[in-house]
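Engineer: There's a structure below that I have some questions on.
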Amino acid sequence: MASISSSLTPNLHRNHIGFFSTPTNRAMSISMAGPRTRRPSRSFFTIVASTDMKRRLYVGNIPRDVTNEQLAKIFGEHGSVEKAEVMYDKYSGRSRRFGFVTMSTFEDVNTAIEKLNDTEIGGRKIKVNVTEKPLEPVDLSLAQKEDSGFVDSPYKVYVGNLAKTVTSEVLKNFFSEKGKVLGAKVSRAPGSSKSSGFAFVTFSSEEEVQAAISSFNNAELEGQKIRVNKS
């Protein structure tokens with residue numbers, strides 16, 4: 001069964017806490033004013049971060065209805081799980097169809113990859129691999145510019161199966177043929193400036209939403225048939 005820990009930070013050894021050395025007494029306890037804890041060096045934190053990253057698995061192409069608990073249970077059948085997290089879009093609340101699982105040991109990592117990579121969950125073949133290196137940082141200036149230009153509205157459509165090359169500006173121009181587009185926002189994969197394959201487009205009326213769905217659902221945009229439905 002999965003074993004999910006509330007903290008990933010390893011405990012320091014007891015001998016590192018509550019004592020200091022003097023020429024006369026190498027085990028003198030610290031005064032009642034408060035114990036002094038030896039602060040781990042920068043290299044300690046670097047090693048811990050690197051170790052955690054190497055035990056962290058990327059899990060892709062999972063069904064939208066898989067929860068953190070279910071993901072932990074699936075991987076818990078092949079080792080001890082410290083943390084399991086499905087990634088969700090902050091605007092729609094939908095699963096992004098991928099997540100991350102941190103295993104307790106390198107042996108658990110290897111076993112999980114061997115047993116689960118290219119297997120099916122809910123009819124979808126999942127991908128499981130190690131994420132040793134941090135994801136590339138997003139171009140913050142570009143992200144802030146796109147976010148500031150997006151106008152939200154209750155009249156909104158979800159656009160799926162987008163080509164990676166589609167930008168918010170391309171999407172806005174494409175949907176402008178059937179109504180007044182207030183804003184368009186392509187979702188980016190976490191830690192990257194690349195499109196994650198879906199977006200949202202807002203309009204000024206319900207009629208324009210319906211016109212966009214009827215006109216553009218299954219239409220082709222930059223080589224791919226897109227899905228359009230009400231958000």
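Please note that chains go A, B, ... in the order of the structure tokens, that every chain numbers its residues from 1, and that ligands are numbered from 1 in the order shown.
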Just the residues within 7 Å of stretch 174-179 of chain A, please, counting only C-alpha atoms, with nothing from its chain fewer than 3 positions along; format it as number ranges by chain.
Structural biologist: A: 170-171, 208, 211-212
Engineer: For A:Glu107, work out the shell of residues within 12 Å, counting only C-alpha atoms and skipping chain neighbours fewer than 3 positions away, then give it as number ranges by chain.
Structural biologist: A: 54-55, 78-81, 103-104, 110-114
Engineer: Please produce an output containing all heavy atoms for each residue in the selection, written as an mmCIF file, in the first residue's frame.
Structural biologist:
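Okay, this is what ended up in again.cif:
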```cif
data_model
loop_
_atom_site.group_PDB
_atom_site.id
_atom_site.type_symbol
_atom_site.label_atom_id
_atom_site.label_comp_id
_atom_site.auth_asym_id
_atom_site.auth_seq_id
_atom_site.Cartn_x
_atom_site.Cartn_y
_atom_site.Cartn_z
ATOM 1 N N LYS A 54 15.918 13.050 -8.045
ATOM 2 C CA LYS A 54 16.201 11.774 -8.693
ATOM 3 C C LYS A 54 15.205 10.695 -8.285
ATOM 4 O O LYS A 54 15.107 9.671 -8.952
ATOM 5 C CB LYS A 54 17.627 11.333 -8.363
ATOM 6 C CG LYS A 54 18.686 12.188 -9.047
ATOM 7 C CD LYS A 54 20.084 11.723 -8.704
ATOM 8 C CE LYS A 54 21.120 12.594 -9.398
ATOM 9 N NZ LYS A 54 22.504 12.181 -9.080
ATOM 10 N N ARG A 55 14.489 10.915 -7.191
ATOM 11 C CA ARG A 55 13.462 9.959 -6.774
ATOM 12 C C ARG A 55 12.076 10.396 -7.225
ATOM 13 O O ARG A 55 11.087 9.767 -6.890
ATOM 14 C CB ARG A 55 13.492 9.806 -5.238
ATOM 15 C CG ARG A 55 14.729 9.097 -4.734
ATOM 16 C CD ARG A 55 14.658 8.813 -3.243
ATOM 17 N NE ARG A 55 14.800 10.020 -2.445
ATOM 18 C CZ ARG A 55 13.814 10.616 -1.794
ATOM 19 N NH1 ARG A 55 12.587 10.151 -1.870
ATOM 20 N NH2 ARG A 55 14.038 11.697 -1.071
ATOM 21 N N HIS A 78 4.115 -0.846 -5.966
ATOM 22 C CA HIS A 78 5.455 -1.194 -6.454
ATOM 23 C C HIS A 78 6.552 -0.529 -5.624
ATOM 24 O O HIS A 78 7.704 -0.467 -6.070
ATOM 25 C CB HIS A 78 5.585 -0.797 -7.924
ATOM 26 C CG HIS A 78 4.513 -1.373 -8.786
ATOM 27 N ND1 HIS A 78 4.475 -2.705 -9.139
ATOM 28 C CD2 HIS A 78 3.390 -0.818 -9.320
ATOM 29 C CE1 HIS A 78 3.401 -2.941 -9.880
ATOM 30 N NE2 HIS A 78 2.729 -1.810 -10.006
ATOM 31 N N GLY A 79 6.219 -0.030 -4.448
ATOM 32 C CA GLY A 79 7.215 0.584 -3.586
ATOM 33 C C GLY A 79 6.569 1.573 -2.630
ATOM 34 O O GLY A 79 5.346 1.724 -2.589
ATOM 35 N N SER A 80 7.399 2.252 -1.866
ATOM 36 C CA SER A 80 6.913 3.221 -0.875
ATOM 37 C C SER A 80 6.830 4.619 -1.495
ATOM 38 O O SER A 80 7.809 5.127 -2.043
ATOM 39 C CB SER A 80 7.862 3.244 0.325
ATOM 40 O OG SER A 80 7.447 4.197 1.277
ATOM 41 N N VAL A 81 5.659 5.237 -1.410
ATOM 42 C CA VAL A 81 5.417 6.551 -2.007
ATOM 43 C C VAL A 81 5.488 7.638 -0.932
ATOM 44 O O VAL A 81 4.818 7.542 0.090
ATOM 45 C CB VAL A 81 4.036 6.593 -2.695
ATOM 46 C CG1 VAL A 81 3.734 7.985 -3.221
ATOM 47 C CG2 VAL A 81 3.974 5.579 -3.832
ATOM 48 N N MET A 103 9.178 8.653 -4.886
ATOM 49 C CA MET A 103 9.336 7.366 -4.221
ATOM 50 C C MET A 103 10.364 7.488 -3.089
ATOM 51 O O MET A 103 11.171 8.419 -3.066
ATOM 52 C CB MET A 103 9.785 6.295 -5.218
ATOM 53 C CG MET A 103 8.913 6.168 -6.463
ATOM 54 S SD MET A 103 7.196 5.722 -6.125
ATOM 55 C CE MET A 103 7.379 4.003 -5.611
ATOM 56 N N SER A 104 10.352 6.530 -2.170
ATOM 57 C CA SER A 104 11.228 6.601 -1.001
ATOM 58 C C SER A 104 12.667 6.209 -1.305
ATOM 59 O O SER A 104 13.604 6.736 -0.697
ATOM 60 C CB SER A 104 10.691 5.707 0.120
ATOM 61 O OG SER A 104 9.448 6.179 0.579
ATOM 62 N N ASN A 110 13.165 2.560 -9.679
ATOM 63 C CA ASN A 110 13.434 1.656 -10.798
ATOM 64 C C ASN A 110 12.316 0.628 -10.975
ATOM 65 O O ASN A 110 11.925 0.302 -12.102
ATOM 66 C CB ASN A 110 14.769 0.942 -10.580
ATOM 67 C CG ASN A 110 15.954 1.893 -10.654
ATOM 68 O OD1 ASN A 110 15.899 2.895 -11.371
ATOM 69 N ND2 ASN A 110 17.012 1.600 -9.924
ATOM 70 N N THR A 111 11.796 0.131 -9.849
ATOM 71 C CA THR A 111 10.715 -0.858 -9.921
ATOM 72 C C THR A 111 9.454 -0.244 -10.524
ATOM 73 O O THR A 111 8.790 -0.854 -11.378
ATOM 74 C CB THR A 111 10.399 -1.403 -8.518
ATOM 75 O OG1 THR A 111 11.565 -2.015 -7.973
ATOM 76 C CG2 THR A 111 9.277 -2.433 -8.580
ATOM 77 N N ALA A 112 9.115 0.987 -10.097
ATOM 78 C CA ALA A 112 7.914 1.655 -10.597
ATOM 79 C C ALA A 112 8.006 1.909 -12.099
ATOM 80 O O ALA A 112 7.034 1.712 -12.836
ATOM 81 C CB ALA A 112 7.699 2.971 -9.851
ATOM 82 N N ILE A 113 9.175 2.337 -12.565
ATOM 83 C CA ILE A 113 9.360 2.579 -13.995
ATOM 84 C C ILE A 113 9.214 1.274 -14.775
ATOM 85 O O ILE A 113 8.513 1.198 -15.793
ATOM 86 C CB ILE A 113 10.734 3.213 -14.278
ATOM 87 C CG1 ILE A 113 10.804 4.624 -13.693
ATOM 88 C CG2 ILE A 113 11.013 3.257 -15.780
ATOM 89 C CD1 ILE A 113 12.176 5.256 -13.783
ATOM 90 N N GLU A 114 9.867 0.212 -14.267
ATOM 91 C CA GLU A 114 9.833 -1.085 -14.951
ATOM 92 C C GLU A 114 8.413 -1.653 -15.015
ATOM 93 O O GLU A 114 7.992 -2.181 -16.041
ATOM 94 C CB GLU A 114 10.748 -2.059 -14.213
ATOM 95 C CG GLU A 114 10.789 -3.451 -14.830
ATOM 96 C CD GLU A 114 11.643 -4.423 -14.034
ATOM 97 O OE1 GLU A 114 12.337 -3.980 -13.093
ATOM 98 O OE2 GLU A 114 11.605 -5.624 -14.352
#
```
Engineer: Per DSSP on the backbone, filter stretch 50-223 of chain A down to the residues in alpha helix (DSSP H) and report them as a PyMOL selection string.
Structural biologist: chain A and resi 50-54+68-76+106-116+140-149+168-175+206-216
Engineer: So, with only C-alpha atoms as the atoms that count, which of A:Lys180, A:Lys127, A:Lys115, A:Arg56 lies closest to A:Thr202?
Structural biologist: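 Closest to A:Thr202 of all the choices is A:Lys180.
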Engineer: Let me make sure I understand: among A:Val101, A:Val228, A:Ile62, A:Leu162, which one has the smallest atom-to-atom distance to A:Gly122 if we use only C-alpha atoms?
Structural biologist: A:Ile62
Engineer: Pick out the residues sitting within 12 Å of A:Thr167, and hand them over as a list of chain:residue names; count only C-alpha atoms, and ignore anything fewer than 4 positions along from it in its own chain.
Structural biologist: A:Leu142, A:Ala143, A:Glu146, A:Leu162, A:Ala163, A:Leu171, A:Lys172, A:Asn173, A:Phe174, A:Ala184, A:Lys185, A:Val186, A:Ser187, A:Arg188, A:Ser193, A:Lys194, A:Ser195, A:Ser196, A:Gly197, A:Phe198, A:Ala199, A:Phe200, A:Val201, A:Leu221, A:Glu222
Engineer: Select from stretch 50-183 of chain A everything DSSP, run on the backbone, classes as strand (DSSP E), then give the selection as a ChimeraX atom specification.
Structural biologist: /A:56-60,81-88,95-103,120-121,124-125,127-130,156-160,181-183
Engineer: Considering only C-alpha atoms, can you say which of A:Phe100, A:Lys156, A:Asn61, A:Val86 comes closest to A:Glu207?
Structural biologist: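 Using only C-alpha atoms, the shortest distance to A:Glu207 belongs to A:Lys156.
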Engineer: If you count only C-alpha atoms, which residues fall within 12 Å of A:Lys125, apart from same-chain ones fewer than 6 positions away, as a ChimeraX atom specification?
Structural biologist: /A:59-63,97-98,116-119
Engineer: If you measure from atom CA of A:Ser205 to atom CA of A:Lys225, what distance in Å do you get, rounded to one decimal?
Structural biologist: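 Between atom CA of A:Ser205 and atom CA of A:Lys225 the gap is 24.7 Å.
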Engineer: Could you check the closest approach to A:Arg94 for each of A:Leu57, A:Ile74, A:Ile121, A:Val66 and tell me which residue wins, using only C-alpha atoms?
Structural biologist: A:Val66
Engineer: Using only C-alpha atoms, find the one residue out of A:Val157, A:Val109, A:Ile126, A:Leu182 that sits nearest to A:Glu169.
Structural biologist: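 Comparing A:Val157, A:Val109, A:Ile126, A:Leu182 against A:Glu169, the winner is A:Leu182.
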